[in-house]
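K.L.:
Take this structure first; my questions come after.
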Amino acid sequence: MIRFDYARPADVSEAVRAGSGEHAAFLAGGTNLVDVMKENVARPLQVVDINRLPLTDIEAREDGGLRLGALVTNAATAYDPRVQQRYPLLASAILAGASPQLRNAATNGGNLNQRTRCYYFYDVDTPCNKRNPGEGCGAIGGVNRIHAILGASDQCIATHPSDMCVALAALEAHVQVTGPDGDRAIAFSDYHRLPGDEPWRDNTLRSGELVTAIDLPAENFSTHYTYLKLRDRLSYAFALVSVAVALRLSEDGRIEVARIALGGVAHKPWRVPAAESLLQGEQPGERVFQAAAHAITEGAVGQGQNSFKIELARRAVVRALGQAAAGTPQSQTDKRIA
Amino acid sequence: MTATTKIGIGTSLSRVDGAEKVTGKAKYAAEYNVPGLLYGVTVSARIAKGRITQLEENAARAVPGVVDIVSHLNRPKQAWLDHSWKDELGIPGEPFKAFHDDRILFAGQPIAVVIAETFEAARFAASLVEVAYEEEPHNIDFTASLAEKFTPSYFKRRNTYHPPKKRGDPDTAFANATLKLEAEYHLATEHHNPMEMHASTVEWHGDGSITVYDKIQGSQGDQAYLASAFGLGKKNVRVVNAYVGGGFGSGLRPQWQVQVAVMAAIHLERSVRVVMTRAQMFTHVHRPECTYSIRLGAEHTGKLSAMINDATTSTSRFENNMEDIVVWGMMNYDCPNASGEYTIAPRDTYTSADMRAPGAATGMTLFEIAIDEMAYKAKVDPLEFRLINYSEVDAMNETPFTSKALREAYREGADRFGWEKRSPQPRSMREGRELIGWGVATGMWDAQFSKTAARAVLTADGRLEVASATSDIGTGTYTVMTLVAADTLGLAPEQITARLGDSDLPTAPVEGGSWAAASTGAAVQLACQSIAKRLLKAAEKMEDKPLHGAKSIDDLVFADGAMALKSDPSRRVAITEVMTAAGLDRIEVEETASPGIGGMISMAQKSRNTHSAIFCEVRVDEELNQVRVTRVVSAVAAGRIINPKTARSQILGGVVMGIGMALHEETFADKALGRWMNHNYAEYHVPAHADIEDIDVIFVDEPDPEVTPLGVKGLGEIGIVGTAAAVANAIYHATGKRVRQLPVTIDKLLHP
């Protein structure tokens with residue numbers, strides 16, 4: 001582990017000041033940062049421990065939504081009665097991820113900012129443009145079974161590993177950040193980015209900016225939703241493909257609003273507005289589900305080992321839309337797929 | 001006289017070391033507190049093959065707390081002859097010698113160790129060592145390596161290797177067969193991944209002697225190896241492995257961390273600890289990758305007429321690791337014409353190694369998938385197919401078994417599972433969107449016995465200590481020793497202490513091959529019988545002659561801390577009374593259990609094996625191909641069961657590992673870089689709790705006084721053999737998709 005300075009500020013402005021340097025990192029639950037530091041993947045010179053900041057509440061918002069403090073743990077969020085009752089999609093996605101021990105330590109802000117699980121990113125003896133810009137990508141032409149099929153670049157085919165973020169994308173949450181230039185809110189779809197020519201940048205945070213909260217909008221899709229995750233074992237594995245679906249149905253059963261977000265397939269939770277609008281005004285059914293599934297995976301490119309994900313993602317979307325429309329969301333404890 | 005409440009062989013006893021383990025009192029290799037200990041962190045090679053041209057150590061040496069760096073440039077003297085580096089397994093070739101010279105033989109090879117006053121300093125400094133290499137072309141790809149496959153000449157084979165014996169005319173029989181199957185099967189590379197990472201704490205005593213707390217499956221083999229490789233002299237090396245956090249074969253051979261730790265200790269004349277990282281656990285032993293071509297011929301009735309086997313497994317470029325892959329089906333099935341070919345293929349990795357049921361877990365499992373395929377071709381129920389081709393004798397060696405209750409295992413397993421309710425057609429059972437499949441497979445392993453010594457010490461307070469240099473790699477040896485001693489001398493388990501895992505104790509072999517319970521158990525029984533004889537002698541001298549009429553200990557019952565006449569249990573005397581009356585403080589004996597002449601003759605004339613029948617239910621989502629293993633029944637014929645509780649645990653563990661082999665375990669190779677890529681627990685998948693549902697273990701009655709002195713056959717390995725085939729066969733029954741490459745992952749079912 002590289003030697004670093006350690007600060008434990010008590011208020012947000014102090015944290016932002018301490019975290020503004022080029023080689024600074026914010027430490028929250030530590031379930032990912034400590035790992036990447038131990039593996040020499042990240043070498044921050046200044047570690048700013050933010051666990052004393054007052055960002056630990058879940059509170060109601062005036063517009064009827066909910067604000068999730070950045071330091072609330074994933075477990076506390078998933079088991080919060082307001083989240084469970086009003087945002088079951090989010091609770092379900094969180095519980096689909098990691099293990100109870102990790103969810104007890106990991107925070108909401110940290111979940112957004114976790115790094116990819118690409119094998120090459122974690123192995124400093126292999127090339128990785130995300131870890132070491134300009135070094136090349138080992139996964140392209142290498143072991144890429146778990147890699148991206150959408151939105152990848154010729155420099156990086158890593159995926160964002162979060163389950164929680166897939167639900168937040170579907171719910172159209174906003175990320176509240178504060179930084180040297182003040183506060184701002186970032187629409188969830190703008191928070192993470194595609195690798196492009198700068199694969200080392202996972203998100204659109206500016207230097208020194210700190211996530212303070214995640215705002216959930218009033219519309220919560222608590223009736224017609226699902227989070228369906230497919231992986232190599234039935235628990236404690238990152239998604240090969242996951243799908244968050246949120247639907248609003250009219251009284252005659254037509255789809256008024258549809259949101260579909262894919263996880264495990266891209267550098268960010270993957271949404272395609274055109275795919276969602278195909279469903280708008282339609283009665284739920286196999287035909288429109290298939291059309292949406294093809295539209296959301298349009299342009300998907302396999303790397304060889306991961307090419308199966310394209311078909312798997314389409315089937316998962318169809319199934320998830322069916323679960324959501326029927327009001328029979330996927331259970332995260334009963335491993336039988338609904 | 002009250003009824004005896006004897007705890008002994010056949011009694012379910014919780015692990016006697018359980019409390020020590022769960023309270024953290026049990027110490028593992030990296031947990032011994034040694035004064036003045038230094039910490040070594042190993043630098044691993046980035047490349048797969050070539051030479052080290054430069055080691056830049058200045059930055060690392062400048063880190064406060066760093067004491068030294070040891071590499072091929074400054075290591076202490078090593079034995080020159082390869083022979084001096086042979087361990088108990090004796091794999092032919094050039095054993096790997098860390099820091100021997102500047103050559104790199106595999107990615108992740110240890111090339112230097114940074115030693116510091118703290119682990120943190122050593123770890124940080126190790127990251128600062130810059131290594132320059134001259135790279136050479138390498139190959140880690142198994143398929144490419146097949147171009148170089150070969151059969152080692154007789155003197156370059158493992159001495160445990162059994163060449164397949166041809167019978168009949170399999171080529172003609174196959175050509176003329178009514179039903180034919182010809183297919184290629186494959187098993188991915190697996191890494192052992194015991195929970196405890198390989199670690200060695202070397203205590204430097206300053207008088208030329210060392211104590212090595214090591215993660216190893218046998219202390220005395222390790223002792224001899226270290227003494228020989230580093231010229232220390234056997235009397236100067238003591239190895240302690242009192243607790244081992246899982247082995248699965250990864251600790252059969254001393255691994256590189258003990259070489260590195262001992263060299264560092266010798267170099268600095270200080271105590272040193274070296275612990276592998278989880279990633280480094282992927283830089284040594286692994287189960288070989290295997291490709292297995294099987295041709296089966298059968299009659300319409302399902303009677304097999306030809307079995308033609310050809311398999312290749314991976315090894316390194318420097319050692320010939322070999323397994324028995326193709327012989328299992330040839331031994332197990334009654335078929336007049338059978339042959340087998342076996343080759344190994346070298347690649348630029350560390351040498352592959354024995355991993356739980358080496359050979360059988362691969363060969364029997366893949367063969368049992370082929371058998372399933374032929375059963376469908378013959379339109380015969382897969383269980384019935386196996387009974388049609390059932391062999392009462394070892395069909396390859398044409399020898400009888402000491403016992404074979406496989407038929408009973410099939411029957412009891414099928415009854416428990418409800419096999420008769422199975423619908424024969426694939427895809428014919430479903431519930432909702434899930435297809436249900438039921439599969440069966442056979443398991444087979446060796447019942448081995450290995451010369452082992454044990455000491456027993458009885459003291460006047462009625463306490464007994466039994467000791468042997470055997471190991472307990474989580475298998476329950478401590479408990480087995482306790483139960484056998486309790487059985488023989490009629491003492492309560494609380495009165496007995498079992499000691500093992502120390503090279504100073506009476507001679508025992510490495511723990512492997514499922515022989516520890518049978519062998520150590522026999523040695524403990526002999527030692528306790530020897531004590532019993534001394535007690536009888538002492539009792540004969542007692543004034544009231546309480547056991548008058550007893551000619552030998554066979555005339556006695558030992559129970560409740562007392563010895564009594566079988567013919568008249570009212571005539572009894574407490575063991576402590578005998579000790580007191582005879583003025584004995586302690587009785588100490590040491591005995592060695594070995595096959596003896598009768599045993600040797602039996603071994604030459606009869607085959608000795610365990611068998612199992614595994615039944616499995618899977619549920620597969622029809623569209624998404626997610627597989628759930630919802631039920632497994634494993635019916636095991638393994639002779640006498642010493643401790644039903646730990647025995648069941650052994651089988652449960654084997655079944656779980658078999659499910660991992662079926663669905664999860666696979667190490668991915670980057671062919672360009674020549675390294676394993678998923679070298680962590682997050683990406684190398686073993687089953688999680690959610691993957692495991694109902695597992696039912698049955699031990700069928702199989703009395704076998706001939707196989708080993710206690711009639712015990714051993715259970716460490718049989719639980720995994722064939723289990724993956726039962727899963728794969730159930731997946732076929734559920735989906736109609738035959739996947740011949742293990743593990744059966746979602747992509748293989750999506751695009752079969």
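Each chain of the structure tokens is named A, B, ... in the order shown, its residues numbered from 1; ligands are numbered from 1 in display order.
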Hey, what's within 8 Å of Thr56 of chain A if we count only C-alpha atoms and toss same-chain stuff fewer than 4 positions away? As a PyMOL selection string, please?

P.N.:
chain A and resi 69-72

K.L.:
Pick out the residues sitting within 10 Å of Cys118 of chain A, and hand them over as a list of chain:residue names; count only C-alpha atoms, and ignore anything fewer than 3 positions along from it in its own chain.

P.N.:
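These residues fall inside the cut-off: A:Arg115, A:Phe121, A:Tyr122, A:Asp123, A:Cys128, A:Lys130, A:Gly138, A:Ala139, A:Val143, A:Asn144, A:Arg145, A:Ile146, A:His147, A:Ala148, A:Cys156, A:Ile157, A:Ala158, A:Thr159, A:His160, A:Pro161, B:Met677, B:Asn678, B:Glu683.
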
K.L.:
Residues of chain B that approach chain A to 8 Å or less, counting only C-alpha atoms: could you list each one with the shortest pair of atoms and its distance in Å to one decimal, rows by chain and increasing residue number, as CSV?

P.N.:
```
residue,atom,partner,partner_atom,distance
B:Arg46,CA,A:Asp125,CA,5.5
B:Glu120,CA,A:Met1,CA,7.3
B:Arg123,CA,A:Met1,CA,6.7
B:Phe124,CA,A:Met1,CA,4.8
B:Ser127,CA,A:Met1,CA,7.8
B:Asp621,CA,A:Ile337,CA,7.1
B:Glu623,CA,A:Arg315,CA,6.9
B:Leu624,CA,A:Arg315,CA,6.6
B:Gln626,CA,A:Leu230,CA,7.4
B:Arg628,CA,A:Arg336,CA,7.9
B:Leu663,CA,A:Arg233,CA,7.9
B:His664,CA,A:Asp232,CA,6.8
B:Phe668,CA,A:Val143,CA,6.9
B:Ala669,CA,A:Val143,CA,7.1
B:Asp670,CA,A:Gly142,CA,5.7
B:Lys671,CA,A:Gly142,CA,7.3
B:Ala672,CA,A:Gly142,CA,7.4
B:Leu673,CA,A:Thr126,CA,7.7
B:Met677,CA,A:Tyr119,CA,5.9
B:Asn678,CA,A:Tyr119,CA,6.1
B:Ala682,CA,A:Ala237,CA,6.8
B:Glu683,CA,A:Ala237,CA,7.6
B:His685,CA,A:Arg233,CA,7.4
B:Pro687,CA,A:Arg233,CA,6.8
B:Ala688,CA,A:Ser235,CA,6.2
B:His689,CA,A:Ser235,CA,7.6
B:Ala690,CA,A:Leu234,CA,5.6
B:Asp691,CA,A:Leu234,CA,5.6
B:Thr745,CA,A:Asp232,CA,6.8
B:Ile746,CA,A:Asp232,CA,7.1
B:Asp747,CA,A:Phe308,CA,5.8
B:Leu750,CA,A:Phe308,CA,7.3
B:His751,CA,A:Phe308,CA,7.5
```

K.L.:
Please report, as a PyMOL selection string, each residue of segment 6-250 of chain A to which DSSP assigns alpha helix (DSSP H) when run on this structure's backbone.

P.N.:
chain A and resi 12-18+33-38+74-78+81-86+88-95+100-105+108-112+119-122+164-171+188-191

K.L.:
Need to verify the contact set: segment 131-135 of chain A, 8 Å, only C-alpha atoms, exclusion of same-chain residues closer than 4 positions in sequence. Can you return it as a PyMOL selection string?

P.N.:
chain A and resi 41-42+121+127+198-200

K.L.:
Would you mind exporting the chosen residues as a compact mmCIF listing (two decimals), in the first residue's frame, restricted to C-alpha atoms?

P.N.:
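The result, stored in part_10.txt:
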```
# COMPACT_ATOMS: atom_id res chain seq x y z
CA VAL A 41 -4.79 -0.06 -8.54
CA ALA A 42 -5.49 3.27 -6.84
CA PHE A 121 -8.20 -3.28 -14.11
CA PRO A 127 -2.40 -3.49 -19.46
CA GLU A 198 -11.03 8.82 -21.49
CA PRO A 199 -11.82 5.43 -19.96
CA TRP A 200 -10.22 6.42 -16.67
```

K.L.:
Run DSSP on the backbone and tell me which residues of segment 231-269 of chain B come out as strand (DSSP E); list them as a list in words.

P.N.:
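Here is the list: Val237, Arg238, Val239 and Val240 of chain B.
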
K.L.:
Could you list, as a ChimeraX atom specification, every residue within 10 Å of Ala518 of chain B, counting only C-alpha atoms and ignoring same-chain residues fewer than 2 positions away?

P.N.:
/B:447-450,452,480,514-516,520-523,593,640-642,707-715

K.L.:
Just the residues within 12 Å of Tyr732 of chain B, please, counting only C-alpha atoms, with nothing from its chain fewer than 6 positions along; format it as a ChimeraX atom specification.

P.N.:
/B:369-370,372-373,376,382,424-429,435-440,616-620,625,627,725-726,738-740,744,749,752
